[in-house]
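Visitor: This is structure-v4.pdb, which holds PDB, C-alpha atoms and all ligand atoms:
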```
MODEL        1
ATOM      1  CA  MET A  49      35.194  32.480 -13.995
ATOM      2  CA  PRO A  50      32.828  34.635 -16.107
ATOM      3  CA  LYS A  51      29.277  34.747 -14.845
ATOM      4  CA  THR A  52      27.816  33.262 -18.042
ATOM      5  CA  ILE A  53      30.022  30.158 -17.741
ATOM      6  CA  ILE A  54      29.003  29.688 -14.099
ATOM      7  CA  LEU A  55      25.359  29.999 -15.093
ATOM      8  CA  THR A  56      25.784  27.502 -17.942
ATOM      9  CA  LEU A  57      27.559  25.067 -15.632
ATOM     10  CA  SER A  58      24.864  25.374 -12.959
ATOM     11  CA  PHE A  59      22.224  24.860 -15.609
ATOM     12  CA  LEU A  60      23.986  21.726 -16.891
ATOM     13  CA  LEU A  61      24.343  20.341 -13.371
ATOM     14  CA  PHE A  62      20.710  21.093 -12.657
ATOM     15  CA  SER A  63      19.591  19.375 -15.895
ATOM     16  CA  LEU A  64      21.748  16.365 -15.108
ATOM     17  CA  PHE A  65      20.246  16.193 -11.629
ATOM     18  CA  SER A  66      16.669  16.453 -12.920
ATOM     19  CA  PHE A  67      17.383  13.855 -15.559
ATOM     20  CA  SER A  68      18.775  11.412 -13.010
ATOM     21  CA  GLN A  69      15.726  11.933 -10.778
ATOM     22  CA  LYS A  70      13.677   8.848 -11.522
ATOM     23  CA  LYS A  71      10.006   8.586 -10.716
ATOM     24  CA  GLN A  72       9.539   6.838  -7.373
ATOM     25  CA  ILE A  73       7.048   4.283  -6.119
ATOM     26  CA  CYS A  74       6.786   2.516  -2.771
ATOM     27  CA  ILE A  75       5.054  -0.880  -2.702
ATOM     28  CA  THR A  76       2.957  -1.588   0.400
ATOM     29  CA  ILE A  77       1.160  -4.877   1.049
ATOM     30  CA  ASP A  78      -1.736  -5.050   3.510
ATOM     31  CA  ASP A  79      -3.513  -7.674   5.600
ATOM     32  CA  LEU A  80      -0.519  -9.853   6.503
ATOM     33  CA  PRO A  81       0.321 -12.607   7.157
ATOM     34  CA  VAL A  82      -1.846 -13.594   4.214
ATOM     35  CA  VAL A  83      -5.211 -13.077   2.478
ATOM     36  CA  SER A  84      -6.163 -16.650   1.623
ATOM     37  CA  TYR A  85      -9.979 -16.489   1.415
ATOM     38  CA  GLY A  86     -10.453 -19.309   3.907
ATOM     39  CA  ILE A  87      -7.666 -21.596   2.660
ATOM     40  CA  THR A  88      -6.108 -22.578   5.986
ATOM     41  CA  ASP A  89      -3.511 -25.013   4.585
ATOM     42  CA  ILE A  90      -0.229 -23.618   5.889
ATOM     43  CA  GLN A  91       1.741 -24.959   2.941
ATOM     44  CA  TYR A  92      -0.475 -22.975   0.581
ATOM     45  CA  GLN A  93       0.014 -19.861   2.702
ATOM     46  CA  THR A  94       3.760 -20.401   2.919
ATOM     47  CA  ASN A  95       4.049 -20.814  -0.849
ATOM     48  CA  LEU A  96       1.958 -17.695  -1.420
ATOM     49  CA  THR A  97       4.230 -15.693   0.918
ATOM     50  CA  ALA A  98       7.375 -17.144  -0.653
ATOM     51  CA  ASP A  99       6.125 -16.181  -4.133
ATOM     52  CA  LEU A 100       5.352 -12.594  -3.081
ATOM     53  CA  LEU A 101       8.777 -12.262  -1.458
ATOM     54  CA  ALA A 102      10.555 -13.822  -4.444
ATOM     55  CA  HIS A 103       9.079 -11.168  -6.764
ATOM     56  CA  LEU A 104      10.133  -8.415  -4.358
ATOM     57  CA  LYS A 105      13.646  -9.838  -4.187
ATOM     58  CA  GLN A 106      13.974 -10.341  -7.911
ATOM     59  CA  LYS A 107      12.947  -6.760  -8.672
ATOM     60  CA  LYS A 108      14.934  -5.368  -5.710
ATOM     61  CA  ILE A 109      11.826  -3.833  -4.145
ATOM     62  CA  PRO A 110      12.078  -2.515  -0.559
ATOM     63  CA  ALA A 111       8.455  -3.138   0.436
ATOM     64  CA  ILE A 112       6.481  -2.946   3.658
ATOM     65  CA  GLY A 113       3.779  -5.350   4.844
ATOM     66  CA  PHE A 114       1.035  -4.303   7.264
ATOM     67  CA  VAL A 115      -0.007  -6.902   9.825
ATOM     68  CA  ASN A 116      -3.342  -7.801  11.423
ATOM     69  CA  GLU A 117      -2.178  -9.780  14.447
ATOM     70  CA  MET A 118      -5.633 -11.278  14.959
ATOM     71  CA  LYS A 119      -4.665 -13.608  12.122
ATOM     72  CA  LEU A 120      -1.988 -15.085  14.400
ATOM     73  CA  PHE A 121      -4.856 -16.405  16.537
ATOM     74  CA  PRO A 122      -7.079 -18.495  14.243
ATOM     75  CA  ASN A 123     -10.112 -19.670  16.243
ATOM     76  CA  ASP A 124      -8.673 -17.728  19.175
ATOM     77  CA  ASN A 125      -5.669 -20.065  19.405
ATOM     78  CA  PHE A 126      -2.214 -18.663  18.941
ATOM     79  CA  THR A 127      -0.390 -20.370  16.073
ATOM     80  CA  LYS A 128       3.333 -20.259  15.449
ATOM     81  CA  ASP A 129       2.716 -21.055  11.773
ATOM     82  CA  GLN A 130       1.399 -17.547  11.161
ATOM     83  CA  VAL A 131       4.357 -16.014  13.003
ATOM     84  CA  GLU A 132       6.669 -17.996  10.730
ATOM     85  CA  LEU A 133       5.062 -16.262   7.729
ATOM     86  CA  LEU A 134       5.885 -12.871   9.247
ATOM     87  CA  LYS A 135       9.436 -14.019   9.920
ATOM     88  CA  MET A 136       9.766 -14.839   6.236
ATOM     89  CA  TRP A 137       9.145 -11.146   5.478
ATOM     90  CA  LEU A 138      11.800  -9.984   7.911
ATOM     91  CA  ASN A 139      14.300 -12.625   6.804
ATOM     92  CA  ALA A 140      13.801 -11.358   3.260
ATOM     93  CA  GLY A 141      14.807  -7.887   4.477
ATOM     94  CA  GLN A 142      11.310  -6.404   4.158
ATOM     95  CA  GLU A 143       9.628  -4.012   6.604
ATOM     96  CA  LEU A 144       6.538  -4.652   8.697
ATOM     97  CA  GLY A 145       4.013  -2.199  10.088
ATOM     98  CA  ASN A 146       0.840  -2.151  12.193
ATOM     99  CA  HIS A 147      -2.587  -2.473  10.524
ATOM    100  CA  THR A 148      -4.455  -2.886  13.879
ATOM    101  CA  PHE A 149      -5.260  -6.181  15.589
ATOM    102  CA  ALA A 150      -8.651  -6.943  14.055
ATOM    103  CA  HIS A 151      -8.943  -4.610  11.044
ATOM    104  CA  LYS A 152     -11.796  -2.659  12.656
ATOM    105  CA  ASP A 153     -13.396   0.191  10.764
ATOM    106  CA  TYR A 154     -12.687   3.558  12.431
ATOM    107  CA  ASN A 155     -15.893   4.915  10.862
ATOM    108  CA  ASN A 156     -17.895   2.582  13.122
ATOM    109  CA  THR A 157     -15.548   2.136  16.077
ATOM    110  CA  PRO A 158     -15.161   4.517  19.028
ATOM    111  CA  PHE A 159     -11.695   6.033  19.390
ATOM    112  CA  LYS A 160     -10.866   4.212  22.652
ATOM    113  CA  GLU A 161     -11.693   0.788  21.241
ATOM    114  CA  TYR A 162      -9.796   1.526  18.017
ATOM    115  CA  ALA A 163      -6.726   2.708  19.940
ATOM    116  CA  GLU A 164      -6.789  -0.508  21.987
ATOM    117  CA  GLY A 165      -6.701  -2.397  18.696
ATOM    118  CA  ILE A 166      -3.534  -0.543  17.713
ATOM    119  CA  VAL A 167      -1.739  -1.464  20.945
ATOM    120  CA  LYS A 168      -3.039  -5.031  20.855
ATOM    121  CA  GLY A 169      -1.997  -5.295  17.222
ATOM    122  CA  GLU A 170       1.661  -4.429  17.723
ATOM    123  CA  LYS A 171       2.746  -6.933  20.369
ATOM    124  CA  ILE A 172       4.213  -9.785  18.345
ATOM    125  CA  THR A 173       5.257  -7.789  15.282
ATOM    126  CA  LYS A 174       7.168  -5.319  17.450
ATOM    127  CA  LYS A 175       9.113  -8.163  19.049
ATOM    128  CA  LEU A 176       9.885  -9.730  15.674
ATOM    129  CA  LEU A 177      11.046  -6.381  14.302
ATOM    130  CA  GLU A 178      13.298  -5.831  17.305
ATOM    131  CA  GLU A 179      14.756  -9.326  16.953
ATOM    132  CA  SER A 180      15.802  -8.436  13.428
ATOM    133  CA  GLY A 181      17.262  -5.096  14.462
ATOM    134  CA  LYS A 182      14.326  -3.029  13.234
ATOM    135  CA  LYS A 183      11.691  -0.800  14.798
ATOM    136  CA  MET A 184       7.928  -0.609  14.488
ATOM    137  CA  GLU A 185       7.406   2.703  12.723
ATOM    138  CA  TYR A 186       4.448   2.724  10.354
ATOM    139  CA  PHE A 187       0.705   2.541  10.761
ATOM    140  CA  ARG A 188      -1.798   1.854   7.975
ATOM    141  CA  HIS A 189      -5.482   2.639   8.578
ATOM    142  CA  PRO A 190      -7.791  -0.303   7.714
ATOM    143  CA  PHE A 191     -10.108   0.668   4.814
ATOM    144  CA  LEU A 192      -8.047   3.916   4.672
ATOM    145  CA  HIS A 193     -10.577   5.382   7.103
ATOM    146  CA  LEU A 194      -8.983   8.282   8.967
ATOM    147  CA  GLY A 195     -11.947   9.524  10.986
ATOM    148  CA  LEU A 196     -15.337  10.943  10.078
ATOM    149  CA  THR A 197     -14.654  14.331  11.646
ATOM    150  CA  LYS A 198     -11.624  16.501  12.289
ATOM    151  CA  GLU A 199     -11.957  15.787  16.029
ATOM    152  CA  LYS A 200     -11.963  12.010  15.564
ATOM    153  CA  ALA A 201      -9.103  12.135  13.047
ATOM    154  CA  ASP A 202      -7.096  14.406  15.361
ATOM    155  CA  SER A 203      -7.563  12.056  18.357
ATOM    156  CA  LEU A 204      -6.099   9.243  16.287
ATOM    157  CA  SER A 205      -3.230  11.320  14.825
ATOM    158  CA  THR A 206      -2.238  12.422  18.319
ATOM    159  CA  PHE A 207      -2.422   8.862  19.633
ATOM    160  CA  LEU A 208      -0.289   7.557  16.759
ATOM    161  CA  PHE A 209       2.275  10.324  17.217
ATOM    162  CA  GLU A 210       2.509   9.664  20.965
ATOM    163  CA  HIS A 211       3.045   5.973  20.291
ATOM    164  CA  GLY A 212       5.859   6.647  17.849
ATOM    165  CA  TYR A 213       3.948   5.844  14.673
ATOM    166  CA  THR A 214       4.196   7.483  11.276
ATOM    167  CA  VAL A 215       1.067   7.193   9.147
ATOM    168  CA  ALA A 216       1.624   5.222   5.938
ATOM    169  CA  PRO A 217      -0.468   7.049   3.314
ATOM    170  CA  VAL A 218      -1.599   5.619  -0.027
ATOM    171  CA  SER A 219      -1.424   7.626  -3.239
ATOM    172  CA  ILE A 220      -2.471   4.866  -5.665
ATOM    173  CA  ASP A 221      -5.641   3.331  -4.293
ATOM    174  CA  ASN A 222      -7.194   0.535  -6.336
ATOM    175  CA  ASP A 223      -9.449  -2.520  -6.264
ATOM    176  CA  ASP A 224      -6.778  -5.249  -6.247
ATOM    177  CA  TYR A 225      -8.888  -7.042  -3.615
ATOM    178  CA  LEU A 226     -11.825  -7.349  -6.055
ATOM    179  CA  PHE A 227      -9.598  -8.837  -8.750
ATOM    180  CA  ALA A 228      -8.020 -11.115  -6.127
ATOM    181  CA  LEU A 229     -11.342 -12.484  -4.882
ATOM    182  CA  ALA A 230     -12.512 -13.088  -8.463
ATOM    183  CA  TYR A 231      -9.170 -14.761  -9.244
ATOM    184  CA  HIS A 232      -9.474 -16.979  -6.173
ATOM    185  CA  ARG A 233     -12.955 -18.095  -7.240
ATOM    186  CA  LEU A 234     -11.791 -18.875 -10.776
ATOM    187  CA  LEU A 235      -8.883 -20.971  -9.499
ATOM    188  CA  ALA A 236     -11.219 -22.743  -7.058
ATOM    189  CA  LYS A 237     -13.286 -23.965 -10.010
ATOM    190  CA  ASN A 238     -10.198 -24.753 -12.082
ATOM    191  CA  ASP A 239     -10.967 -22.095 -14.660
ATOM    192  CA  LYS A 240      -7.316 -21.390 -15.367
ATOM    193  CA  LYS A 241      -8.076 -19.796 -18.738
ATOM    194  CA  THR A 242     -10.311 -17.034 -17.342
ATOM    195  CA  ALA A 243      -7.971 -16.663 -14.343
ATOM    196  CA  ASP A 244      -5.058 -15.935 -16.695
ATOM    197  CA  LYS A 245      -7.159 -13.436 -18.638
ATOM    198  CA  LEU A 246      -8.137 -11.770 -15.364
ATOM    199  CA  GLY A 247      -4.447 -11.514 -14.448
ATOM    200  CA  GLU A 248      -3.685  -9.735 -17.721
ATOM    201  CA  ASP A 249      -6.699  -7.418 -17.229
ATOM    202  CA  TYR A 250      -5.437  -6.686 -13.708
ATOM    203  CA  LEU A 251      -2.099  -5.517 -15.137
ATOM    204  CA  LYS A 252      -3.875  -3.244 -17.660
ATOM    205  CA  TYR A 253      -6.148  -1.850 -14.940
ATOM    206  CA  MET A 254      -3.201  -1.155 -12.616
ATOM    207  CA  GLU A 255      -1.354   0.617 -15.438
ATOM    208  CA  GLU A 256      -4.411   2.816 -16.039
ATOM    209  CA  LYS A 257      -4.593   3.556 -12.295
ATOM    210  CA  LEU A 258      -0.931   4.566 -12.316
ATOM    211  CA  LEU A 259      -1.454   6.931 -15.254
ATOM    212  CA  PHE A 260      -4.594   8.344 -13.619
ATOM    213  CA  TYR A 261      -2.815   9.158 -10.354
ATOM    214  CA  GLU A 262       0.172  10.571 -12.242
ATOM    215  CA  ARG A 263      -2.241  12.980 -13.964
ATOM    216  CA  GLN A 264      -3.998  13.844 -10.685
ATOM    217  CA  SER A 265      -0.634  14.462  -9.077
ATOM    218  CA  GLU A 266       0.434  16.736 -11.947
ATOM    219  CA  LYS A 267      -2.853  18.657 -11.732
ATOM    220  CA  LEU A 268      -2.539  19.152  -7.975
ATOM    221  CA  PHE A 269       1.204  19.620  -7.456
ATOM    222  CA  GLY A 270       2.493  20.397 -10.948
ATOM    223  CA  LYS A 271       4.689  17.306 -10.713
ATOM    224  CA  ASN A 272       4.537  13.568 -10.208
ATOM    225  CA  ILE A 273       4.924  12.940  -6.483
ATOM    226  CA  SER A 274       6.599   9.870  -4.981
ATOM    227  CA  GLN A 275       3.792   7.360  -5.341
ATOM    228  CA  ILE A 276       2.719   4.872  -2.651
ATOM    229  CA  LEU A 277       0.849   1.839  -3.945
ATOM    230  CA  LEU A 278      -1.567  -0.262  -1.895
ATOM    231  CA  LEU A 279      -1.697  -4.003  -2.571
ATOM    232  CA  HIS A 280      -2.860  -6.999  -0.525
ATOM    233  CA  ALA A 281      -1.073 -10.233   0.403
ATOM    234  CA  ASN A 282      -3.154 -12.452  -1.871
ATOM    235  CA  LYS A 283      -2.619 -15.172  -4.487
ATOM    236  CA  LEU A 284      -3.230 -12.776  -7.381
ATOM    237  CA  ASN A 285      -0.281 -10.613  -6.340
ATOM    238  CA  ALA A 286       1.781 -13.705  -5.490
ATOM    239  CA  ASP A 287       1.286 -14.759  -9.126
ATOM    240  CA  PHE A 288       1.431 -11.355 -10.855
ATOM    241  CA  LEU A 289       3.643  -9.044  -8.781
ATOM    242  CA  GLY A 290       6.604  -9.713 -11.078
ATOM    243  CA  LYS A 291       4.710  -8.588 -14.177
ATOM    244  CA  LEU A 292       3.083  -5.767 -12.207
ATOM    245  CA  SER A 293       6.517  -4.472 -11.169
ATOM    246  CA  ASP A 294       7.469  -4.388 -14.850
ATOM    247  CA  VAL A 295       4.597  -1.963 -15.460
ATOM    248  CA  TYR A 296       6.221   0.578 -13.103
ATOM    249  CA  LEU A 297       9.687  -0.074 -14.501
ATOM    250  CA  LYS A 298       8.346   0.488 -18.017
ATOM    251  CA  HIS A 299       7.069   3.900 -16.918
ATOM    252  CA  GLY A 300      10.460   4.908 -15.546
ATOM    253  CA  TYR A 301       9.938   4.208 -11.854
ATOM    254  CA  GLU A 302      12.414   3.121  -9.239
ATOM    255  CA  PHE A 303      11.190   1.252  -6.163
ATOM    256  CA  VAL A 304      11.767   3.088  -2.900
ATOM    257  CA  SER A 305      11.140   2.450   0.783
ATOM    258  CA  MET A 306       8.328   4.106   2.730
ATOM    259  CA  GLU A 307      10.915   6.307   4.449
ATOM    260  CA  LYS A 308      12.222   7.578   1.108
ATOM    261  CA  ALA A 309       8.769   8.071  -0.437
ATOM    262  CA  LEU A 310       7.658  10.147   2.546
ATOM    263  CA  LYS A 311      10.561  12.544   1.990
ATOM    264  CA  ASP A 312       8.491  14.014  -0.844
ATOM    265  CA  PRO A 313       7.176  17.299   0.634
ATOM    266  CA  ALA A 314       3.775  16.548  -0.939
ATOM    267  CA  TYR A 315       3.132  14.267   2.044
ATOM    268  CA  GLN A 316       3.177  17.334   4.332
ATOM    269  CA  THR A 317       0.091  18.702   2.549
ATOM    270  CA  PRO A 318      -2.666  19.256   5.097
ATOM    271  CA  ILE A 319      -5.919  17.294   5.076
ATOM    272  CA  THR A 320      -8.845  19.441   6.132
ATOM    273  CA  LYS A 321     -11.830  17.550   4.663
ATOM    274  CA  TYR A 322     -13.188  14.427   6.328
ATOM    275  CA  GLY A 323     -15.797  11.866   5.375
ATOM    276  CA  ARG A 324     -16.746   8.185   5.198
ATOM    277  CA  TYR A 325     -14.489   7.574   2.207
ATOM    278  CA  GLY A 326     -11.380   5.418   2.123
ATOM    279  CA  ILE A 327      -9.486   7.088  -0.714
ATOM    280  CA  SER A 328      -6.072   8.039  -2.064
ATOM    281  CA  TRP A 329      -4.258  10.831  -0.232
ATOM    282  CA  ILE A 330      -4.093  12.658  -3.570
ATOM    283  CA  ASP A 331      -7.895  12.718  -3.584
ATOM    284  CA  ARG A 332      -7.944  13.821   0.081
ATOM    285  CA  TRP A 333      -5.565  16.686  -0.611
ATOM    286  CA  ALA A 334      -7.606  17.640  -3.688
ATOM    287  CA  LEU A 335     -10.848  17.677  -1.655
ATOM    288  CA  SER A 336      -9.081  19.690   1.047
ATOM    289  CA  ALA A 337      -7.947  22.163  -1.619
ATOM    290  CA  GLY A 338     -11.600  22.596  -2.630
ATOM    291  CA  LYS A 339     -11.487  20.553  -5.848
ATOM    292  CA  THR A 340     -14.820  19.177  -6.991
ATOM    293  CA  GLY A 341     -16.564  17.214  -9.758
ATOM    294  CA  ASP A 342     -14.497  17.323 -12.916
ATOM    295  CA  PHE A 343     -11.175  17.152 -11.101
ATOM    296  CA  PHE A 344     -11.847  13.555 -10.097
ATOM    297  CA  LYS A 345     -13.098  12.362 -13.512
ATOM    298  CA  GLY A 346     -11.404   9.525 -15.381
ATOM    299  CA  ASP A 347     -10.693   7.193 -12.453
ATOM    300  CA  PRO A 348     -10.424   3.732 -14.081
ATOM    301  CA  GLU A 349     -13.058   1.180 -13.042
ATOM    302  CA  SER A 350     -12.684  -2.573 -12.642
ATOM    303  CA  PRO A 351     -14.172  -4.572 -15.547
ATOM    304  CA  GLU A 352     -17.800  -5.628 -15.062
ATOM    305  CA  TYR A 353     -17.018  -9.384 -15.173
ATOM    306  CA  VAL A 354     -14.531  -8.943 -12.323
ATOM    307  CA  LYS A 355     -17.149  -7.147 -10.230
ATOM    308  CA  GLN A 356     -19.670  -9.910 -10.983
ATOM    309  CA  LEU A 357     -17.215 -12.675 -10.032
ATOM    310  CA  ALA A 358     -16.350 -10.895  -6.776
ATOM    311  CA  LYS A 359     -19.996 -10.422  -5.767
TER     312      LYS A 359
HETATM  313 ZN    ZN A 401      -6.491  -3.919   5.281
ENDMDL
END
```
So that I can check it, write out the structure of this file as structure tokens.
Guide:
Amino acid sequence: MPKTIILTLSFLLFSLFSFSQKKQICITIDDLPVVSYGITDIQYQTNLTADLLAHLKQKKIPAIGFVNEMKLFPNDNFTKDQVELLKMWLNAGQELGNHTFAHKDYNNTPFKEYAEGIVKGEKITKKLLEESGKKMEYFRHPFLHLGLTKEKADSLSTFLFEHGYTVAPVSIDNDDYLFALAYHRLLAKNDKKTADKLGEDYLKYMEEKLLFYERQSEKLFGKNISQILLLHANKLNADFLGKLSDVYLKHGYEFVSMEKALKDPAYQTPITKYGRYGISWIDRWALSAGKTGDFFKGDPESPEYVKQLAK
């Protein structure tokens, strides 16, 4: 075959391949079993979980939920009810990971105590995962705090590696928890009208966040990396995750598992800068690459009324 034809064919194949490469996003949901802002009614919590899982199923999203096992012991008493909520996740085919026992802040917690919280926080979830033929694999840092210094971060990385954990990074950090608390308060006072408006504003805000991190990713890597979104297991997402998923679909995304997202080589980028911040890995890599000031401009903020309601 003449060389030019081979080249043309390779080019066509390459173009076809690039074209079929969809943008990827992994949905991760923290603080399981549930973030209910003090609503202890198990039926409410079960419905909330069922709604979250129904959205995931309907949109064929392979998500992962990160568990704080302390929540399985309300008032220090073990409750099967909370375990049932976790089982719902596994029965729906979703993954679970470790988010420490008590959601302690590594910025203010000595390494030894924090590490104990990781081991204490895996006991029940690990068993549940094994019962459904899965393995505990992923760890999510509470508050996305990795360690104030290289030494403290390294101690934790080594510990996680030795205990068979893969760190679950976040590329799209956001304030869904602020919107969720405001939403909860609006529903508590039966202000359905403002709650609905807040839901719509949440969708707009999350779309802006997506576009912001796409731009940051392009600036840093020259391409859009496989994104990893952080959400929480709250009523707002139980009500709006369907519409939120549509935002990513509209922008050409496919939903992928944590395992698939982490295949993007971007996630091998070293982090060499440490601080108090709990931020997106894209921002961490940018700081580590020496980016300053202007690079970080344009990060969308939550509307003022949401901040006020969440105060
Ligand atoms: Zn958390």
Visitor: Under the rule that all atoms listed in the file are counted, which of A:Asn139, A:Gln106, A:Asn282, A:Ser219 is the nearest residue to ligand ZN 401 (chain A)?
Guide: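 Of the candidates, the smallest distance to ligand ZN 401 (chain A) is held by A:Asn282.
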Visitor: To box stretch 109-114 of chain A, take all atoms listed in the file, fit an axis-aligned box, add 3 Å on each side, and give centre and edge lengths in Å to one decimal, as JSON.
Guide:
```
{"center_x": 6.6, "center_y": -3.9, "center_z": 1.6, "size_x": 17.0, "size_y": 8.8, "size_z": 17.4}
```
Visitor: So the first atom is atom CA of A:Tyr325 and the second is atom CA of A:Ala281; what is the distance between them in Å, to one decimal place?
Guide: 22.4 Å
Visitor: Between A:Phe187, A:Phe303, A:Phe121, A:Tyr261, single out the one closest to ligand ZN 401 (chain A), counting only C-alpha atoms and all ligand atoms.
Guide: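 With only C-alpha atoms and all ligand atoms as the atom set, the closest residue is A:Phe187.
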Visitor: Between A:Lys355, A:Lys252, A:His211, A:Arg188, which is the closest to A:Gly145 once you count all atoms listed in the file?
Guide: A:Arg188
Visitor: With ligand ZN 401 (chain A) as the partner and 10 Å as the cut-off, tabulate the residues of chain A that qualify, each row holding the nearest pair of atoms and their distance in Å to one decimal, using only C-alpha atoms and all ligand atoms, sorted by chain and rising number, as a tab-separated table.
Guide:
```
residue	atom	partner	partner_atom	distance
A:Ile77	CA	A:ZN401	ZN	8.8
A:Asp78	CA	A:ZN401	ZN	5.2
A:Asp79	CA	A:ZN401	ZN	4.8
A:Leu80	CA	A:ZN401	ZN	8.5
A:Val83	CA	A:ZN401	ZN	9.7
A:Phe114	CA	A:ZN401	ZN	7.8
A:Val115	CA	A:ZN401	ZN	8.5
A:Asn116	CA	A:ZN401	ZN	7.9
A:His147	CA	A:ZN401	ZN	6.7
A:Thr148	CA	A:ZN401	ZN	8.9
A:Ala150	CA	A:ZN401	ZN	9.5
A:His151	CA	A:ZN401	ZN	6.3
A:Lys152	CA	A:ZN401	ZN	9.2
A:Asp153	CA	A:ZN401	ZN	9.7
A:Arg188	CA	A:ZN401	ZN	7.9
A:His189	CA	A:ZN401	ZN	7.4
A:Pro190	CA	A:ZN401	ZN	4.5
A:Phe191	CA	A:ZN401	ZN	5.9
A:Leu192	CA	A:ZN401	ZN	8.0
A:Tyr225	CA	A:ZN401	ZN	9.7
A:Leu278	CA	A:ZN401	ZN	9.4
A:Leu279	CA	A:ZN401	ZN	9.2
A:His280	CA	A:ZN401	ZN	7.5
A:Ala281	CA	A:ZN401	ZN	9.6
```
Visitor: Expressed in Å to a single decimal, how great is the separation between atom CA of A:His232 and atom CA of A:Leu258?
Guide: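 A separation of 24.0 Å between them.
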Visitor: Show me, as number ranges by chain, the residues that have an atom within 9 Å of A:Ala243 when counting only C-alpha atoms, minus same-chain residues fewer than 6 positions from it.
Guide: A: 230-235
Visitor: Restricting the calculation to only C-alpha atoms: of A:Glu132, A:Asn125, A:Glu302, A:Ser336, which residue gets closest to A:Pro318?
Guide: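 The closest residue to A:Pro318 is A:Ser336.
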Visitor: Using all atoms listed in the file, which of A:Gln356, A:Thr173, A:Gln264, A:Ser205 sits nearest A:Lys135?
Guide: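 Between A:Gln356, A:Thr173, A:Gln264, A:Ser205, the residue approaching A:Lys135 most closely is A:Thr173.
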Visitor: Taking into account only C-alpha atoms, which residue in the set A:Glu143, A:Ser293, A:Ile273, A:Tyr154 is nearest to A:Tyr315?
Guide: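 Checking each of A:Glu143, A:Ser293, A:Ile273, A:Tyr154 against A:Tyr315, counting only C-alpha atoms, the winner is A:Ile273.
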Visitor: Quick one: apply the PyMOL selection byres (((chain A and resi 287) around 9) and not hetatm) to the file and drop the selected residues here as a count of residues only.
Guide: 14
Visitor: List, as a list of chain:residue names, every residue that the PyMOL selection byres (((chain A and resi 301) around 9) and not hetatm) selects in the file provided.
Guide: A:Lys70, A:Lys71, A:Gln72, A:Ile73, A:Val295, A:Tyr296, A:Leu297, A:Lys298, A:His299, A:Gly300, A:Glu302, A:Phe303
Visitor: Work out how far atom CA of A:Lys119 is from atom CA of A:Leu177, in Å to one decimal.
Guide: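 Calculated distance between atom CA of A:Leu177 and atom CA of A:Lys119 is 17.4 Å.
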Visitor: Is it possible to add N, CA and C atoms to stretch 267-278 of chain A and hand it back as a PDB file, keeping the file's coordinate frame?
Guide:
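Contents of selection-v5.pdb, freshly written:
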```
ATOM      1  N   LYS A 267      -1.845  17.591 -11.816  1.00  0.00           N
ATOM      2  CA  LYS A 267      -2.853  18.657 -11.732  1.00  0.00           C
ATOM      3  C   LYS A 267      -2.771  19.372 -10.382  1.00  0.00           C
ATOM      4  N   LEU A 268      -2.499  18.589  -9.321  1.00  0.00           N
ATOM      5  CA  LEU A 268      -2.539  19.152  -7.975  1.00  0.00           C
ATOM      6  C   LEU A 268      -1.222  19.803  -7.568  1.00  0.00           C
ATOM      7  N   PHE A 269      -0.100  19.143  -7.918  1.00  0.00           N
ATOM      8  CA  PHE A 269       1.204  19.620  -7.456  1.00  0.00           C
ATOM      9  C   PHE A 269       2.097  20.162  -8.572  1.00  0.00           C
ATOM     10  N   GLY A 270       1.651  19.981  -9.834  1.00  0.00           N
ATOM     11  CA  GLY A 270       2.493  20.397 -10.948  1.00  0.00           C
ATOM     12  C   GLY A 270       3.672  19.471 -11.164  1.00  0.00           C
ATOM     13  N   LYS A 271       3.626  18.309 -10.530  1.00  0.00           N
ATOM     14  CA  LYS A 271       4.689  17.306 -10.713  1.00  0.00           C
ATOM     15  C   LYS A 271       4.170  15.943 -10.260  1.00  0.00           C
ATOM     16  N   ASN A 272       4.908  14.909 -10.660  1.00  0.00           N
ATOM     17  CA  ASN A 272       4.537  13.568 -10.208  1.00  0.00           C
ATOM     18  C   ASN A 272       5.183  13.329  -8.846  1.00  0.00           C
ATOM     19  N   ILE A 273       4.373  13.133  -7.832  1.00  0.00           N
ATOM     20  CA  ILE A 273       4.924  12.940  -6.483  1.00  0.00           C
ATOM     21  C   ILE A 273       5.460  11.508  -6.342  1.00  0.00           C
ATOM     22  N   SER A 274       6.204  11.247  -5.290  1.00  0.00           N
ATOM     23  CA  SER A 274       6.599   9.870  -4.981  1.00  0.00           C
ATOM     24  C   SER A 274       5.323   9.096  -4.681  1.00  0.00           C
ATOM     25  N   GLN A 275       5.061   8.083  -5.485  1.00  0.00           N
ATOM     26  CA  GLN A 275       3.792   7.360  -5.341  1.00  0.00           C
ATOM     27  C   GLN A 275       3.904   6.260  -4.281  1.00  0.00           C
ATOM     28  N   ILE A 276       2.777   5.993  -3.607  1.00  0.00           N
ATOM     29  CA  ILE A 276       2.719   4.872  -2.651  1.00  0.00           C
ATOM     30  C   ILE A 276       1.532   3.990  -3.045  1.00  0.00           C
ATOM     31  N   LEU A 277       1.855   2.762  -3.412  1.00  0.00           N
ATOM     32  CA  LEU A 277       0.849   1.839  -3.945  1.00  0.00           C
ATOM     33  C   LEU A 277       0.350   0.901  -2.851  1.00  0.00           C
ATOM     34  N   LEU A 278      -0.964   0.701  -2.824  1.00  0.00           N
ATOM     35  CA  LEU A 278      -1.567  -0.262  -1.895  1.00  0.00           C
ATOM     36  C   LEU A 278      -1.888  -1.567  -2.621  1.00  0.00           C
TER      37      LEU A 278
END
```
